[in-house]
Amino acid sequence: MKNWRKYRLLGLFALLGAGYWFSLPANLFRDPASTIVESADGHLLGAKIAADGQWRFPAQKTGSIKYAICLMAYEDKHFMRHKGVDFVATGRAFWHNLRQGKIVEGGSTITMQVIRLMRKGKPRTIKEKIIEWFLATRLEWRYTKREILELYMAHAPFGGNVVGVEAAAWRYFGRSSQHLSWAEAAMLAVLPNAPALIHPGRNRSTLLKKRNTLLDNLCHLGLLNEEDKQLAQLEPLPDKPFALPMLAPHLVERLAKTKEGERAVTTIDYFLQQRATHVVNAHAEQLRGNGVHNAAALIIDNRSGGVLAYTGNVTGRNSKEYGEDVDLIMAPRSTGSILKPFLYAGLIDEGDVLPNTLVPDVPTFLSGFAPQNFKKSFDGAVPVHEALERSLNVPWVRLLQDFGLNRFYELLKKMGIASLKFPSEHYGLSLILGGAEASLWDICSIYASMSRTLDNFTVHHSQYAPNDWRKPVLIPQENVPPAAVGEDCLISAAACWLVFDALSEVQRPEEEAEWKTFPSSRRVAWKTGTSYGNRDAWAVGVTPHYTVGVWVGNASGEGRPMLTGVGSAAPVLFDLFNLLPPTPWYAQPFDEMTSIAVCRQSGHRATALCEETDSMWVASSGLDTPPCPYHVLVHLDRHGKYRVNADCEEAHHIISRAWFVLPPVQEWYYRTKHYTYKPLPPVDPRCTTVAQQRPMALIYPDNGLAVVLTKQMSGELGKIELQATHRRRSAIIYWHLDEVYLGATQYFHSMPVIPSAGLHAITLVDDEGLSLTSRFRVEEK
């Protein structure tokens, strides 16, 4: 019987012990927290209110020391010594309440108040007080004194919808709790005692009295000297709650989707974010006069991949009428010409072009697509690097056709453009001119990855690290192991260097036009883009350390006259670069480059016929490019006026000379821009067997082209302008449409016609009897 009683007693003690041990839940507080976004150095960038409508910051390890001192002096002088319950304070409170006949003092410790906050809404009865004692002692077993203070500071009420000392510090004083003055810390220490009654907006005399009394106590305890106390008591109370800082609202909204209720410490540079936002807002204010209401900017540290500034849209406007709440860094927009450097890099790596290779810039008609240059003119032929610097459209459409639409499409996807949702055929050749959409985030990511690839090529001893090609990061990544290096890369270092070398020569906006004359000026590789209809203006710039991207336009997609990358986005770009420290230029990746002789006129690898050559460093893949196709050997008479051969001229009188000859259409436009170009001399009338280059060509319409015409008010189809060119400037061309003679032209070969719907044949005959026939189809719209 005694043993049974003994075991029952032990079982009871074990049950009570288990009940005591498990009396507290694993998570004391399950309240949702606000999403807090901070800069890399701990400055508050913005916050999003918690799901229950409270400003409740996540608990943090580094609380305010001044507030903790004030709190213990006001609420619990023996906090560091007791084990959860201060029986002396409880007895004193009981005696005071008994004498007053009402509750005037609680006697609760900070630990007990944490328990009361956890057990929301419990009545203040003797029973509940005993439960609080019980749970408070258990809390002391589980947590350190510092952790208990942190729990209190995170969950104490401070009036209205403000919970926790950190939220209160920002709401009432506009600063972090770690930067509170003694007066501010004392005010917050007395506030949770009766947050519904004592509020900064009312009962100010009561609040002031309590604060100053606490400051007197701090001085009495030796925690403040008399002078500091008096100065603190002179500080006024706050007038009204402050709005929380919102320096990066679009970043806050973005991070709230993945880090809701968390404190997100980002890679953002606080002061750079401030200045970048100011630059974007200042330019946006000027652009409003043209009906342009939105702008965005992104600054990336290329070496770490961290985002230094994130301005998703204009800020500071009270109205959201123009979509100011849209994050335009992540919004897919028509790219304009911003993708051309990526095609250039692909062409270099495939050995298709050299930097000075001439590419055609002539009227082009490809399956109903007729690209136009921005200035509606043509150069005939232009070096590929110049076509990039001037952002000519026609050469790049032709280069894309040669490179392969699907191959370029796959390259863009590998680079990281996530918005290519349709097959390549959906975009067609307009892909290079803005036919697809991409986000500023993805575009800047590619430029930053190219910069990192080139910059690290030397670091990795002429090898590549796969993680050089990656997306930017907003949250610092810790303990990332270095990637193994190898020979594989998406874009070679040589191609990156040649792309950036060309882009650094792009003509800058007016205020930056003379940058080369100043030794202190930085070299920037940059590119602009303007989408069809002037809906989107882009500018992206790269230096070894930084990538800066800018988008300007309307979130609604409305186009505006004069909205261009050069005129609207580029000024913002260079103002942002002026906020950054200058950096040296990239080291040339000689291990991936070869010095070769290049024809000065054609830009191709030089042949024996190229009389003028230049030595040029090119990507090693450039050794596979074709040799110069434009220099041919021609035979002239002794005076150099006519082309001849041995059938019509004595051999010792024949002069052989290398001649630079372009195809007829290219030649016609090229001559208008290059006055030193010499057309081929005519064939000597005595000669009949001299091989001739084709002297005549039809410019428009191209053979097999489908021309779509709109019916006019008269019921007839609209007029089209037939165009041709001839090597002999004085040549006469006789025009025929479907064997019907139309007329003759000389010097300028253009013939207007009003064709009917259907298939037609154009026949041209020159004054020497040479003929040319081309067919086209007219379709009625």
# chains A, B, ... in the order shown; residues from 1 in each chain; ligands from 1
>>> select_by_dssp(residues="stretch 373-555 of chain A", states="helix (DSSP H, G or I)", output="NGL selection string")
:A and (384-389 or 393-403 or 405-415 or 424-433 or 440-459 or 466-468 or 493-503 or 510-512 or 515-517)
>>> residues_around(residues="A:Arg407", least_positions_apart="3", cutoff="12 Å", atoms="only C-alpha atoms", output="list in words")
Phe342, Leu343, Gly346, Leu347, Glu350, Leu400, Gln401, Asp402, Phe403, Gly404, Glu410, Leu411, Leu412, Lys413, Lys414, Pro423, Ser424, Glu425 and Leu429 of chain A
>>> residues_around(residues="A:Trp551", least_positions_apart="2", cutoff="9 Å", atoms="only C-alpha atoms", output="list in words")
Asn294, Ala295, Ala296, Ala297, Leu328, Ile329, Leu440, Asp536, Ala537, Trp538, Ala539, Val540, Gly549, Gly553, Gly565, Ser568 and Ala569 of chain A
>>> closest_atom_pairs(of="stretch 384-492 of chain A", to="stretch 368-377 of chain A", cutoff="8 Å", atoms="only C-alpha atoms", output="CSV")
residue,atom,partner,partner_atom,distance
A:Leu392,CA,A:Asn373,CA,5.5
A:Asn393,CA,A:Asn373,CA,5.0
A:Val394,CA,A:Pro371,CA,5.7
A:Val397,CA,A:Pro371,CA,7.4
>>> atom_distance(atom1="atom CA of A:Val634", atom2="atom CA of A:Trp668")
20.1 Å
>>> closest_residue(among="A:Ser177, A:Asn203, A:Asn27, A:Asn554", to="A:Met118", atoms="only C-alpha atoms")
A:Asn27
>>> residues_around(residues="A:Val661", least_positions_apart="3", cutoff="12 Å", atoms="only C-alpha atoms", output="ChimeraX atom specification")
/A:381,601-602,609-610,628-634,658,664-668,670-671,677-681,692-695,727
>>> select_by_dssp(residues="stretch 581-650 of chain A", states="strand (DSSP E)", output="ChimeraX atom specification")
/A:593-599,613-619,631-636
>>> closest_residue(among="A:Ala167, A:Leu770, A:Leu214, A:Leu24", to="A:Trp141", atoms="only C-alpha atoms")
A:Leu24
>>> residues_around(residues="A:Val542", least_positions_apart="2", cutoff="6 Å", atoms="only C-alpha atoms", output="list of chain:residue names")
A:Val524, A:Ala525, A:Tyr546, A:Thr547
>>> atom_distance(atom1="atom CA of A:Trp526", atom2="atom CA of A:Val548")
9.1 Å
>>> residues_around(residues="stretch 449-461 of chain A", least_positions_apart="3", cutoff="10 Å", atoms="only C-alpha atoms", output="PyMOL selection string")
chain A and resi 301-305+342+345+415+444-446+464-472+484-486+489-497+499-500+542-547+585-592
>>> write_last_selection(atoms="N, CA and C atoms", output="CSV table (one decimal), in the first residue's frame")
chain,number,residue,atom,x,y,z
A,301,ASP,N,25.8,46.0,-59.1
A,301,ASP,CA,27.3,45.8,-58.9
A,301,ASP,C,27.6,44.5,-59.7
A,302,ASN,N,28.4,44.7,-60.8
A,302,ASN,CA,28.7,43.5,-61.7
A,302,ASN,C,29.4,42.5,-61.0
A,303,ARG,N,30.3,42.8,-60.1
A,303,ARG,CA,31.2,41.8,-59.5
A,303,ARG,C,30.4,40.9,-58.5
A,304,SER,N,29.6,41.4,-57.7
A,304,SER,CA,28.8,40.6,-56.8
A,304,SER,C,27.5,40.2,-57.3
A,305,GLY,N,27.0,40.9,-58.3
A,305,GLY,CA,25.7,40.7,-58.8
A,305,GLY,C,24.6,41.3,-58.0
A,342,PHE,N,23.5,41.7,-78.5
A,342,PHE,CA,23.5,40.3,-78.3
A,342,PHE,C,23.7,39.5,-79.6
A,345,ALA,N,27.3,39.9,-80.7
A,345,ALA,CA,28.1,38.9,-80.0
A,345,ALA,C,28.0,37.5,-80.6
A,415,MET,N,20.3,33.3,-72.5
A,415,MET,CA,20.8,34.5,-71.8
A,415,MET,C,20.0,34.8,-70.6
A,444,CYS,N,19.2,44.1,-68.1
A,444,CYS,CA,20.4,44.5,-67.3
A,444,CYS,C,21.2,43.3,-66.8
A,445,SER,N,20.5,42.2,-66.5
A,445,SER,CA,21.1,41.0,-66.1
A,445,SER,C,22.1,40.5,-67.2
A,446,ILE,N,21.7,40.5,-68.4
A,446,ILE,CA,22.5,40.1,-69.5
A,446,ILE,C,23.8,40.9,-69.7
A,464,TYR,N,36.6,30.2,-67.9
A,464,TYR,CA,35.3,30.8,-67.6
A,464,TYR,C,34.7,30.1,-66.4
A,465,ALA,N,34.0,30.8,-65.6
A,465,ALA,CA,33.2,30.3,-64.4
A,465,ALA,C,31.7,30.3,-64.8
A,466,PRO,N,31.0,29.2,-64.8
A,466,PRO,CA,29.6,29.2,-65.2
A,466,PRO,C,28.7,30.1,-64.4
A,467,ASN,N,29.1,30.4,-63.2
A,467,ASN,CA,28.2,31.3,-62.4
A,467,ASN,C,28.5,32.8,-62.7
A,468,ASP,N,29.4,33.1,-63.6
A,468,ASP,CA,29.5,34.5,-64.1
A,468,ASP,C,28.3,34.9,-64.8
A,469,TRP,N,27.5,33.9,-65.4
A,469,TRP,CA,26.3,34.2,-66.1
A,469,TRP,C,25.1,33.9,-65.1
A,470,ARG,N,24.6,34.9,-64.5
A,470,ARG,CA,23.6,34.7,-63.5
A,470,ARG,C,22.7,36.0,-63.3
A,471,LYS,N,21.6,35.8,-62.7
A,471,LYS,CA,20.6,36.9,-62.4
A,471,LYS,C,21.2,37.8,-61.3
A,472,PRO,N,20.8,39.0,-61.3
A,472,PRO,CA,21.2,39.9,-60.1
A,472,PRO,C,20.5,39.4,-58.8
A,484,ALA,N,33.6,25.9,-60.4
A,484,ALA,CA,34.7,25.4,-61.1
A,484,ALA,C,34.8,26.1,-62.4
A,485,VAL,N,36.0,26.4,-62.9
A,485,VAL,CA,36.2,27.1,-64.2
A,485,VAL,C,36.4,26.1,-65.3
A,486,GLY,N,36.2,26.5,-66.5
A,486,GLY,CA,36.3,25.7,-67.7
A,486,GLY,C,36.4,26.5,-68.9
A,489,CYS,N,31.5,28.6,-72.4
A,489,CYS,CA,30.9,29.9,-72.1
A,489,CYS,C,29.7,30.2,-73.1
A,490,LEU,N,28.8,31.0,-72.6
A,490,LEU,CA,27.7,31.4,-73.4
A,490,LEU,C,28.1,32.4,-74.5
A,491,ILE,N,28.8,33.4,-74.1
A,491,ILE,CA,29.4,34.4,-74.9
A,491,ILE,C,30.9,34.5,-74.6
A,492,SER,N,31.7,34.5,-75.6
A,492,SER,CA,33.2,34.5,-75.3
A,492,SER,C,33.6,35.9,-74.8
A,493,ALA,N,34.7,35.9,-74.0
A,493,ALA,CA,35.3,37.2,-73.5
A,493,ALA,C,35.6,38.1,-74.7
A,494,ALA,N,36.1,37.5,-75.8
A,494,ALA,CA,36.5,38.3,-77.0
A,494,ALA,C,35.3,39.0,-77.5
A,495,ALA,N,34.2,38.3,-77.7
A,495,ALA,CA,33.0,38.9,-78.2
A,495,ALA,C,32.5,40.0,-77.3
A,496,CYS,N,32.5,39.7,-76.0
A,496,CYS,CA,32.1,40.7,-75.0
A,496,CYS,C,32.9,42.0,-75.1
A,497,TRP,N,34.3,41.8,-75.3
A,497,TRP,CA,35.1,43.0,-75.4
A,497,TRP,C,34.8,43.8,-76.7
A,499,VAL,N,32.0,43.8,-78.4
A,499,VAL,CA,30.7,44.5,-78.2
A,499,VAL,C,30.9,45.8,-77.4
A,500,PHE,N,31.5,45.7,-76.3
A,500,PHE,CA,31.7,46.9,-75.4
A,500,PHE,C,32.5,47.9,-76.0
A,542,VAL,N,27.3,50.0,-69.3
A,542,VAL,CA,28.1,49.1,-68.6
A,542,VAL,C,29.5,49.6,-68.4
A,543,THR,N,30.0,49.5,-67.2
A,543,THR,CA,31.5,49.6,-67.0
A,543,THR,C,31.9,48.3,-66.3
A,544,PRO,N,33.2,48.1,-66.1
A,544,PRO,CA,33.6,46.9,-65.4
A,544,PRO,C,32.9,46.6,-64.1
A,545,HIS,N,32.6,47.7,-63.3
A,545,HIS,CA,32.0,47.5,-62.0
A,545,HIS,C,30.5,47.7,-61.9
A,546,TYR,N,29.9,48.4,-62.9
A,546,TYR,CA,28.5,48.7,-62.8
A,546,TYR,C,27.7,48.5,-64.1
A,547,THR,N,26.5,48.1,-63.9
A,547,THR,CA,25.5,48.1,-65.0
A,547,THR,C,24.4,49.0,-64.6
A,585,TRP,N,38.9,50.7,-67.5
A,585,TRP,CA,38.3,49.9,-68.6
A,585,TRP,C,38.7,48.4,-68.5
A,586,TYR,N,38.0,47.6,-69.3
A,586,TYR,CA,38.3,46.2,-69.3
A,586,TYR,C,39.6,45.9,-69.9
A,587,ALA,N,40.3,44.8,-69.4
A,587,ALA,CA,41.5,44.3,-69.9
A,587,ALA,C,41.1,43.5,-71.2
A,588,GLN,N,41.9,43.7,-72.3
A,588,GLN,CA,41.6,43.0,-73.5
A,588,GLN,C,42.0,41.6,-73.4
A,589,PRO,N,41.1,40.6,-73.8
A,589,PRO,CA,41.4,39.2,-73.6
A,589,PRO,C,42.2,38.7,-74.8
A,590,PHE,N,43.5,39.0,-74.7
A,590,PHE,CA,44.4,38.6,-75.8
A,590,PHE,C,44.4,37.1,-76.1
A,591,ASP,N,44.2,36.3,-75.1
A,591,ASP,CA,44.3,34.9,-75.3
A,591,ASP,C,43.2,34.3,-76.2
A,592,GLU,N,42.1,35.1,-76.4
A,592,GLU,CA,41.0,34.7,-77.3
A,592,GLU,C,41.0,35.5,-78.5
>>> closest_residue(among="A:Val359, A:Asn645, A:Tyr675, A:Ala761", to="A:His736", atoms="only C-alpha atoms")
A:Ala761
>>> closest_residue(among="A:Arg560, A:Arg30, A:His82, A:His674", to="A:Leu117", atoms="only C-alpha atoms")
A:Arg30
>>> closest_residue(among="A:Gly434, A:Tyr427, A:Pro581, A:Val552", to="A:His293", atoms="only C-alpha atoms")
A:Val552
>>> closest_residue(among="A:Asn356, A:Gln54, A:Thr564, A:Ser319", to="A:Ser531", atoms="only C-alpha atoms")
A:Thr564
